[in-house]
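Below you'll find the structure, written out as structure tokens, and then a few comments.
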Protein chains: 6
Amino acid sequence: QRLFYSASHEEIKTGATADIYFVKTMEILNHMGLARKEVVAEVFPRKSGIICGVEEVLNLLKDKDVEIYGLQEGESFSPKETIMRIKGPYEEFAIFETALLGILAHSSGWATAARECREAAGDKVMICFGARHVHPAVAPVMERAALIGGASNASCILAAKLLGKQPSGTVPHAAMLIAGDTISVARTYNEIMPPDSPRIILVDTFKDEVEESLAVAEALGRALEGIRLDTPSERGGVTKELVYEVRKRLDQKGYDYVKIFVSGGLTPDRIRELSEAGADAFGVGSYISGASPIDMTMDIKMVEGKPVAKRGRIPGIIENPRLKKLK
Amino acid sequence: QRLFYSASHEEIKTGATADIYFVKTMEILNHMGLARKEVVAEVFPRKSGIICGVEEVLNLLKDKDVEIYGLQEGESFSPKETIMRIKGPYEEFAIFETALLGILAHSSGWATAARECREAAGDKVMICFGARHVHPAVAPVMERAALIGGASNASCILAAKLLGKQPSGTVPHAAMLIAGDTISVARTYNEIMPPDSPRIILVDTFKDEVEESLAVAEALGRALEGIRLDTPSERGGVTKELVYEVRKRLDQKGYDYVKIFVSGGLTPDRIRELSEAGADAFGVGSYISGASPIDMTMDIKMVEGKPVAKRGRIPGIIENPRLKKLK
Amino acid sequence: QRLFYSASHEEIKTGATADIYFVKTMEILNHMGLARKEVVAEVFPRKSGIICGVEEVLNLLKDKDVEIYGLQEGESFSPKETIMRIKGPYEEFAIFETALLGILAHSSGWATAARECREAAGDKVMICFGARHVHPAVAPVMERAALIGGASNASCILAAKLLGKQPSGTVPHAAMLIAGDTISVARTYNEIMPPDSPRIILVDTFKDEVEESLAVAEALGRALEGIRLDTPSERGGVTKELVYEVRKRLDQKGYDYVKIFVSGGLTPDRIRELSEAGADAFGVGSYISGASPIDMTMDIKMVEGKPVAKRGRIPGIIENPRLKKLK
Amino acid sequence: QRLFYSASHEEIKTGATADIYFVKTMEILNHMGLARKEVVAEVFPRKSGIICGVEEVLNLLKDKDVEIYGLQEGESFSPKETIMRIKGPYEEFAIFETALLGILAHSSGWATAARECREAAGDKVMICFGARHVHPAVAPVMERAALIGGASNASCILAAKLLGKQPSGTVPHAAMLIAGDTISVARTYNEIMPPDSPRIILVDTFKDEVEESLAVAEALGRALEGIRLDTPSERGGVTKELVYEVRKRLDQKGYDYVKIFVSGGLTPDRIRELSEAGADAFGVGSYISGASPIDMTMDIKMVEGKPVAKRGRIPGIIENPRLKKLK
Amino acid sequence: QRLFYSASHEEIKTGATADIYFVKTMEILNHMGLARKEVVAEVFPRKSGIICGVEEVLNLLKDKDVEIYGLQEGESFSPKETIMRIKGPYEEFAIFETALLGILAHSSGWATAARECREAAGDKVMICFGARHVHPAVAPVMERAALIGGASNASCILAAKLLGKQPSGTVPHAAMLIAGDTISVARTYNEIMPPDSPRIILVDTFKDEVEESLAVAEALGRALEGIRLDTPSERGGVTKELVYEVRKRLDQKGYDYVKIFVSGGLTPDRIRELSEAGADAFGVGSYISGASPIDMTMDIKMVEGKPVAKRGRIPGIIENPRLKKLK
Amino acid sequence: QRLFYSASHEEIKTGATADIYFVKTMEILNHMGLARKEVVAEVFPRKSGIICGVEEVLNLLKDKDVEIYGLQEGESFSPKETIMRIKGPYEEFAIFETALLGILAHSSGWATAARECREAAGDKVMICFGARHVHPAVAPVMERAALIGGASNASCILAAKLLGKQPSGTVPHAAMLIAGDTISVARTYNEIMPPDSPRIILVDTFKDEVEESLAVAEALGRALEGIRLDTPSERGGVTKELVYEVRKRLDQKGYDYVKIFVSGGLTPDRIRELSEAGADAFGVGSYISGASPIDMTMDIKMVEGKPVAKRGRIPGIIENPRLKKLK
Ligand SMILES: [Zn+2]
Ligand SMILES: [Zn+2]
Ligand SMILES: [Zn+2]
Ligand SMILES: [Zn+2]
Ligand SMILES: [Zn+2]
Ligand SMILES: [Zn+2]
Ligand SMILES: [Zn+2]
Ligand SMILES: [Zn+2]
Ligand SMILES: [Zn+2]
Ligand SMILES: [Zn+2]
Ligand SMILES: [Zn+2]
Ligand SMILES: [Zn+2]
């Protein structure tokens, strides 16, 4: 019995996730003897952004008899720019249109949001914490897109593994709540984690952030890499004044080596603001994971070497010198 | 070699998509001898909406030693309402928090958008055409959520199969472009499709919609179930005046049995407007598929029978008489 | 019996269209022995604009014993600038104030709107199609003002004749609707019109504009000067995407010599936008014809060589070096 | 030699003000043998308003072989409502479309604005002072439309004569400026005007309005019908406080029979405000005369008994039970 | 040597704070023999509000030969309503106009703001904490006005004394900062204050408000009357969520008798919001103390029994049946 | 018996206007033996502005054992900048916090508004007429602050005396209303005032401003220094057009030496506008007197040499090189 509604790799690869009308189309074209007409189709986005998902598209069409031209993962695109061109007998790729567009739309949406965060964070650490907002089947897809867009690391174990990284993360409020105390959790963390696992401790669970930050700093001494501020909105969230004060108060006690990691409802604007106030690293959740897909459209532009187009579009290929032959 | 970055059912079920910090948490709590403390955790949403994903959550925790209370698929919820409660030794479910929240957040976001479209469409047909905007791994998840929210049917083959439905769809512009003509495609469709497959023909590919509608109606006669208007934005999109005129002109020629199916950038407002002008059925794409997940939070509220909470939250269970015992 | 309420030239010239209070004023001043006092009166506008109507004003006062100074037809003016000065015994021109101000106000309003369209159209053809929005008695006045403001030509036969031009225009939807077909009208037009009458054919009556444009181009070949797009608002109006596509599709078929003439709700902003998208000529209707008159005020500023003014105005002449002696 | 660019009644009646394209249309249809096809054409407005100009339209087509159905002068209409229907051989009325639409558009625009002022003024006197803002050829047309819309009277001599009224008006600032004093003008006016000509004296030329009002009231005693406030914008215009104070101060001196007539930039809102403050009569200028024409469209809807329409319109007659047979 | 620039009671009483032009006026009128003309002057406000300062005005004119009519302390007034009328020889009160208007304007401004806070607070305690924002010379005047407007009490010692109240207040952050700890200050307060001095302790100086609230409640037990939340804006200020949580957490520990007193940037809107969330008392600062004076005007309306007025005002008394004879 | 609620200098100096909580604080600290701890307190403003009140603060603490550092009267400050620092045993100044902050807040608010008017007026005369809008006890404080901010002079007699100036002012409407005429008042003024008292006559009481200006100019000849325009809002207030016209009409009659003084609802924007139109001097009322105090906060930052701060503030002194030692 099936546990989840998500599609397996095999289902995707065999076209099971296609829209039914592509199947109907192929039946009709077969009946009319047109199924193997050579067509050229072009993909364009509705908005500007960062392309992502190209590798999966190539795998999707790996053993099909088509040529593929496209931008490369992480490149930027403009509205209506041709970002991919596919050439071959129509039946080779017709039923994959749904999957192909979905891969590009969803991943490009996430990568674009991550790029905005990266630009706000400059050279500082910026990690995607958004896995908890998307279906687990696409959590690694989303985190990969975030890395293509510019995230420093992923918090999802599978995503990190697939991308050859150590996953990144601290300890959530749950640990403190069960232990009943922040300091004992911090000490245990310090005791048992491997030396290369950075000691970053969440300080807003029970006490005022400044008080807890100083207590943790005292408890762990030089071993402490950073504290994490994740103040809930009910307490005003993480403000720039809070970051500034924590920085100053840590410095006054000699803990100037302790980094400040912030999270909670971050957006590019808030990243910029908190960075200026002294934050050293950023955990971004729903700004990346909740980004809408960037709608993609595939238009047939040539049939057997002749330009065609539906009303509203220009017949024939729209040249784009940035396209590379990918297959 | 792996084709896609999406997680398989096994990877989800074994916790591979967890955020790393839950693994670290368990290591610490184990070390402190606290891993099997009995906790009660509650899930609440940030915004109002329609719950979806409960079935997958139950499968995720099927063989774990926990009690689960929750709302039922398709029920509505308010901001900060407790929508699920889990009780059991913390190590039974700790590492599934990421997956569990992701399932609920993503599916509830889609279901909520579909519900809005359903309310706009009243008793008329409203179908989700959004598979092309999301990663194929979650296309069936999204379409299931749309059905929970109120969509009449799905266009994705796998989704329809899993939900025990016939997938729904017409024929895209591609068929007309390759055949070079709408009428011949319409005739072939009529000829070869099984009798119970509704004849709905797209009429905006080459000619003015009114001209093509009348030509198709003449070609297929009583066999024609409906025409589909999907006018591109470059030609002003599908306006209420267009729907009204097509209706009137069909009626004047005696084709009052021909239904008008509309698609292209539909939103609840546009559904309402076009419905009033005479549209009979609606194909909704990115309004549903591009809906942002509804962020969910899981808070630990009891530990070994004692109320706890982090700063900003109220310790102890928040009663909700609408919760049912689900496991 | 009188057919229309409009005033004849004789009625205007003899003061029949004066406001009654100027007649009363003269009776009083006569009784007081002041009717032939020498006065200087100045005219100023409430807003900036383009002056028009000066020639008619000079005709109005042709045989009166007054000196007139003023700006010249088509010059621009600022708010409250003195644009005309009249000097002479008051009874010479008192009762003509109503007519004089009306001539300047109405014509300057139209000329100013036409100037804005001209600036938007640059060197391209811009024709006034507004006669259908104003009373026929002033249609030639309005079209003359449009030409002073910068229109290339007029569509009203009388206006063109009075201005020594060939009137300009294509063929309206009516011809196509009666003939039942665009191509046969186009062929007849081509057959019977004199060689110097440009072949411009309206293409949005029955079919999609692109389809009809290509059909007309094929039918008339090198004889075709241009097509006219006048898409109704019910079909989204003439958009920049439509102009761009028609241009591209004509070019692809070798009809790059065919011009694109646009009309329908044009404003300076829309002219600019459509011009950029490829439109070659513009037919402007209500933007010009519906322009409000620019209110003019005539103030008496000197009486028998002594500065006077009512409250709120400065006594005496307000010098303006741009004024020329006109009479 | 011609003095003005306005068209004479004969020019209008013989079609000289037609747009050239109707002439071309008739040449083509003649050539195709279609000129006498029986058509039904309908006229509709773009906005709601008050119809005016019907009498002139009937005169325009008096000796043509057509039937005419329409609303009656002064009735209200809605956007896109059929307000006139013409039936007959097309060549009977084709070239009169420009004039017919212009008559209706321009007069309906003015009548609609006047109706708004009438509704604001309730039962009080409201007079059109707008002749000075329009070309003298249409000043009587405009004033007639104002009366249809609800104005009490006209200030233009010819308009009043054609409509069988005594023209209405006071004496302008010019008389006072030449006489150098308000009181002597008032006395002369009183002395020489026929008994039925109401004594209304303008009081803002030289002195504060209150001071001058009381002085005029003292000079003319019971003979004084009213004073007129026309304060220039440089002195704050006519405010509701000024009207209220003038009323109170006149009453305090026993001049409660003296009416307050106001003018200067009046709009429906200002009429309402000043009426409430005590004003008894209103002179409205550019709000009426500067009203834009209400664009009218004529569509051919039947040809030889068969419904037709261009794209965007519904073929066939659009029934309107409010239409009466006018010819 | 003078310490402050504020005026003493004697200086006010002898007219030393008058505007110089009243002195000049009296010199002129004396010279003209008009100084003892009997005049009636009326005072009206520019905006609506609550009258305050009447008692001081009566003291100001106590030994002058004038009659005074007026509204009574705390009554509401409308814009331009007559709120005070003074009758007598002009030299009796001329030089007191500046002081009289200033007393009414300033006090009425403060009373009006306090009334808005009172309406927001309903029956709950609302205390003025605004003395620190105004010059100490008027701090008691301001606090008296706040009480007239509806404040429960004053924090300024002198104001309370003059009004026959016990001044109200807790202990500021300064005490905690010097003692280095909140609990020891709370214990000392409890120990040394008289029994009828309510124990209200400020809890946001060093620690999270919830933590400190519970600690104080434990330390003082049943003696504790309330805690005060005054969270600085740098920590998000006092939010409704914070009030709600403090209430719930106090209740959960059995401290449901402990009241919640809030302060810091309160406005009527915030009072309403925090009251709904559970706050029991409100300390309002700059909303009351920073309220602008309500400008007052005194117009001479009768001279020797004859109505007079300057331009813009109506001569004679403006009756107001709400006026009482005060002197 | 007390006439007014304002505090005397002695009451202020002895701490009678303190908030009660400072008294309680001292009782507690005394009991704890902490009353003479050496503290450093800093004052900062919430908004930018101009400091005023420093002299009174020094007098307030003249005989206390504290060091004081601060900005100097009239200097500008930024939000949160340290503008004053006090060092000494806490009991030396604790109870003066309320008075000290009130002095600075209120005077700085007034001085800041006056500075804005000064910047608008450039080098022209700008006088504070605001005494009538504040309590007479603080009228001289307010006028002093206005002078610090940039006013040219004060109208309040006491303020002028304390500041070593001749108070400035013309004659109010009252004099004209009692005398029944402007010219006789003007003549008397001219006759009896000392030669160095400038002859400035108010001209809007009874007649149009232009008429009265010319009459006054004729009556006083070269003795006339200026006329004052104070037109009430009921007559449109003082507009730039009025100033311009008065200037022109005075000049035309040879009175170009007569200055134009304006008053009535002036703001920096209106000062700029009227100055450009020709006004020579400005009387500003409620813009200065109605300015809200600029809230000031005093924070304890050092106790016995150790940095402290409440939550939200940084412990220790915040250096400001602009501070000077004042005591
Ligand atoms: Zn947190
Ligand atoms: Zn989130
Ligand atoms: Zn389409
Ligand atoms: Zn879409
Ligand atoms: Zn058209
Ligand atoms: Zn038009
Ligand atoms: Zn006037
Ligand atoms: Zn006007
Ligand atoms: Zn505080
Ligand atoms: Zn405050
Ligand atoms: Zn005044
Ligand atoms: Zn004022």
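Ordering of the structure tokens sets the chain letters (A, B, ...); residue numbers start at 1 within each chain; ligands are numbered from 1 in the order shown.
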
Hey, which residues come within 8 Å of ligand 11 if we count only C-alpha atoms and all ligand atoms? Could you give them as an mmCIF file with C-alpha atoms, in the first residue's frame?
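Final file, selection-v6.cif:
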data_model
loop_
_atom_site.group_PDB
_atom_site.id
_atom_site.type_symbol
_atom_site.label_atom_id
_atom_site.label_comp_id
_atom_site.auth_asym_id
_atom_site.auth_seq_id
_atom_site.Cartn_x
_atom_site.Cartn_y
_atom_site.Cartn_z
ATOM 1 C CA LYS E 310 -14.504 92.448 12.053
ATOM 2 C CA PRO F 172 -5.264 94.247 17.529
ATOM 3 C CA HIS F 173 -8.685 94.271 15.846
ATOM 4 C CA LEU F 202 -3.582 96.237 10.831
ATOM 5 C CA ASP F 204 -8.223 93.891 7.442
ATOM 6 C CA THR F 205 -10.763 94.820 10.109
ATOM 7 C CA LEU F 229 -2.349 91.520 6.827
ATOM 8 C CA ASP F 230 -4.171 89.071 9.095
ATOM 9 C CA THR F 231 -7.156 88.207 6.876
ATOM 10 C CA PRO F 232 -9.401 85.654 8.578
ATOM 11 C CA GLY F 264 -2.474 84.173 10.838
#

Distance limit 12 Å, atoms considered: only C-alpha atoms. Which chain B residues sit that close to chain C? Return them as a CSV table (one decimal) with N, CA, C and O atoms, in the first residue's frame.
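This went into out00.csv:
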chain,number,residue,atom,x,y,z
B,204,ASP,N,-8.7,29.1,-29.7
B,204,ASP,CA,-8.1,30.4,-29.9
B,204,ASP,C,-6.7,30.3,-30.6
B,204,ASP,O,-5.9,31.2,-30.5
B,205,THR,N,-6.4,29.2,-31.2
B,205,THR,CA,-5.0,29.0,-31.7
B,205,THR,C,-4.7,29.8,-32.9
B,205,THR,O,-3.7,30.5,-33.0
B,206,PHE,N,-5.6,29.8,-33.9
B,206,PHE,CA,-5.3,30.5,-35.2
B,206,PHE,C,-6.2,31.7,-35.5
B,206,PHE,O,-5.8,32.6,-36.1
B,207,LYS,N,-7.5,31.5,-35.1
B,207,LYS,CA,-8.5,32.4,-35.6
B,207,LYS,C,-9.2,33.1,-34.4
B,207,LYS,O,-9.1,32.7,-33.3
B,208,ASP,N,-10.0,34.1,-34.8
B,208,ASP,CA,-10.8,34.8,-33.8
B,208,ASP,C,-11.7,33.7,-33.1
B,208,ASP,O,-12.2,32.8,-33.8
B,209,GLU,N,-11.8,33.8,-31.8
B,209,GLU,CA,-12.5,32.8,-31.1
B,209,GLU,C,-14.0,32.6,-31.5
B,209,GLU,O,-14.4,31.4,-31.5
B,210,VAL,N,-14.6,33.6,-31.9
B,210,VAL,CA,-16.0,33.4,-32.3
B,210,VAL,C,-16.1,32.6,-33.6
B,210,VAL,O,-16.8,31.7,-33.8
B,211,GLU,N,-15.2,33.0,-34.6
B,211,GLU,CA,-15.2,32.3,-35.9
B,211,GLU,C,-14.9,30.9,-35.7
B,211,GLU,O,-15.6,30.0,-36.3
B,212,GLU,N,-13.9,30.6,-34.9
B,212,GLU,CA,-13.5,29.2,-34.7
B,212,GLU,C,-14.5,28.4,-33.9
B,212,GLU,O,-14.8,27.2,-34.2
B,231,THR,N,-7.5,32.5,-24.5
B,231,THR,CA,-6.9,33.6,-25.2
B,231,THR,C,-5.7,34.1,-24.5
B,231,THR,O,-5.8,34.4,-23.3
B,232,PRO,N,-4.6,34.3,-25.2
B,232,PRO,CA,-3.4,34.8,-24.5
B,232,PRO,C,-3.5,36.2,-24.1
B,232,PRO,O,-4.2,37.0,-24.7
B,233,SER,N,-2.7,36.6,-23.1
B,233,SER,CA,-2.7,38.0,-22.6
B,233,SER,C,-2.4,39.0,-23.7
B,233,SER,O,-2.8,40.1,-23.7
B,234,GLU,N,-1.5,38.6,-24.7
B,234,GLU,CA,-1.2,39.4,-25.8
B,234,GLU,C,-2.4,39.9,-26.6
B,234,GLU,O,-2.4,40.9,-27.3
B,235,ARG,N,-3.5,39.1,-26.5
B,235,ARG,CA,-4.7,39.4,-27.2
B,235,ARG,C,-5.8,39.8,-26.2
B,235,ARG,O,-7.0,39.6,-26.4
B,236,GLY,N,-5.4,40.3,-25.0
B,236,GLY,CA,-6.4,40.8,-24.0
B,236,GLY,C,-6.9,39.7,-23.1
B,236,GLY,O,-7.7,40.0,-22.2
B,237,GLY,N,-6.4,38.5,-23.2
B,237,GLY,CA,-6.9,37.4,-22.3
B,237,GLY,C,-8.4,37.1,-22.6
B,237,GLY,O,-9.0,37.7,-23.5
B,238,VAL,N,-9.0,36.3,-21.7
B,238,VAL,CA,-10.4,35.9,-21.8
B,238,VAL,C,-11.1,37.0,-21.0
B,238,VAL,O,-11.0,37.0,-19.8
B,239,THR,N,-11.9,37.9,-21.7
B,239,THR,CA,-12.6,38.9,-21.0
B,239,THR,C,-14.1,38.5,-20.9
B,239,THR,O,-14.6,37.6,-21.6
B,240,LYS,N,-14.8,39.1,-20.0
B,240,LYS,CA,-16.2,38.8,-19.8
B,240,LYS,C,-17.0,39.2,-21.0
B,240,LYS,O,-18.0,38.5,-21.4
B,241,GLU,N,-16.6,40.2,-21.8
B,241,GLU,CA,-17.3,40.5,-23.0
B,241,GLU,C,-17.1,39.4,-24.0
B,241,GLU,O,-18.0,39.1,-24.8
B,242,LEU,N,-15.9,38.8,-24.1
B,242,LEU,CA,-15.7,37.7,-25.0
B,242,LEU,C,-16.6,36.5,-24.7
B,242,LEU,O,-17.2,36.0,-25.6
B,243,VAL,N,-16.6,36.2,-23.5
B,243,VAL,CA,-17.5,35.0,-23.1
B,243,VAL,C,-18.9,35.3,-23.4
B,243,VAL,O,-19.6,34.5,-24.0
B,244,TYR,N,-19.4,36.5,-23.1
B,244,TYR,CA,-20.8,36.9,-23.4
B,244,TYR,C,-21.1,36.8,-24.9
B,244,TYR,O,-22.1,36.3,-25.3
B,245,GLU,N,-20.1,37.4,-25.7
B,245,GLU,CA,-20.4,37.4,-27.1
B,245,GLU,C,-20.4,35.9,-27.7
B,245,GLU,O,-21.2,35.6,-28.5
B,246,VAL,N,-19.4,35.1,-27.3
B,246,VAL,CA,-19.3,33.7,-27.8
B,246,VAL,C,-20.7,33.0,-27.4
B,246,VAL,O,-21.2,32.3,-28.3

Could you please write out, as number ranges by chain, every residue of range 61-207 of chain C that DSSP assigns to helix (DSSP H, G or I)?
C: 90-121, 130-133, 139-149, 157-162, 173-179, 182-192

Tell me, counting only C-alpha atoms and all ligand atoms, for each residue of chain B within 10 Å of ligand 2, which pair of atoms is nearest and how far apart they are in Å to one decimal, in rows ordered by chain and increasing number, as a Markdown table.
| residue | atom | partner | partner_atom_place_in_ligand_line | distance |
| --- | --- | --- | --- | --- |
| B:Arg46 | CA | ligand 2 | 1 (Zn) | 9.1 |
| B:Ala105 | CA | ligand 2 | 1 (Zn) | 9.9 |
| B:Pro293 | CA | ligand 2 | 1 (Zn) | 9.5 |
| B:Ile294 | CA | ligand 2 | 1 (Zn) | 8.9 |
| B:Asp295 | CA | ligand 2 | 1 (Zn) | 5.6 |
| B:Met296 | CA | ligand 2 | 1 (Zn) | 7.4 |
| B:Thr297 | CA | ligand 2 | 1 (Zn) | 8.0 |

Restricted to N, CA, C and O atoms, what would the selected residues look like written as a short mmCIF file (atom, residue, chain, number, x, y, z; two decimals), in the first residue's frame?
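Done, and the output landed in selection_10.cif:
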data_model
loop_
_atom_site.label_atom_id
_atom_site.label_comp_id
_atom_site.auth_asym_id
_atom_site.auth_seq_id
_atom_site.Cartn_x
_atom_site.Cartn_y
_atom_site.Cartn_z
N ARG B 46 -0.21 29.57 10.83
CA ARG B 46 -0.02 31.02 10.96
C ARG B 46 -1.20 31.80 10.38
O ARG B 46 -1.39 32.95 10.71
N ALA B 105 1.78 21.85 5.69
CA ALA B 105 1.90 23.23 5.20
C ALA B 105 1.64 23.31 3.70
O ALA B 105 0.87 24.15 3.22
N PRO B 293 2.82 27.67 0.73
CA PRO B 293 2.48 26.82 1.87
C PRO B 293 1.99 27.69 3.03
O PRO B 293 2.37 28.86 3.14
N ILE B 294 1.13 27.13 3.85
CA ILE B 294 0.70 27.83 5.06
C ILE B 294 1.62 27.36 6.19
O ILE B 294 1.53 26.21 6.62
N ASP B 295 2.48 28.27 6.66
CA ASP B 295 3.47 27.87 7.67
C ASP B 295 2.80 27.27 8.89
O ASP B 295 1.81 27.81 9.41
N MET B 296 3.35 26.14 9.35
CA MET B 296 2.86 25.44 10.53
C MET B 296 3.96 25.43 11.59
O MET B 296 5.14 25.35 11.25
N THR B 297 3.57 25.51 12.83
CA THR B 297 4.53 25.46 13.93
C THR B 297 4.15 24.33 14.86
O THR B 297 2.97 24.12 15.13
#

List the neighbours of Ala113 in chain D out to 12 Å using only C-alpha atoms; skip same-chain residues closer than 5 positions along the sequence, and give me the result as number ranges by chain.
D: 48-52, 74, 106-108, 118-120, 128, 130, 142-143, 145-151, 266-268, 284-294
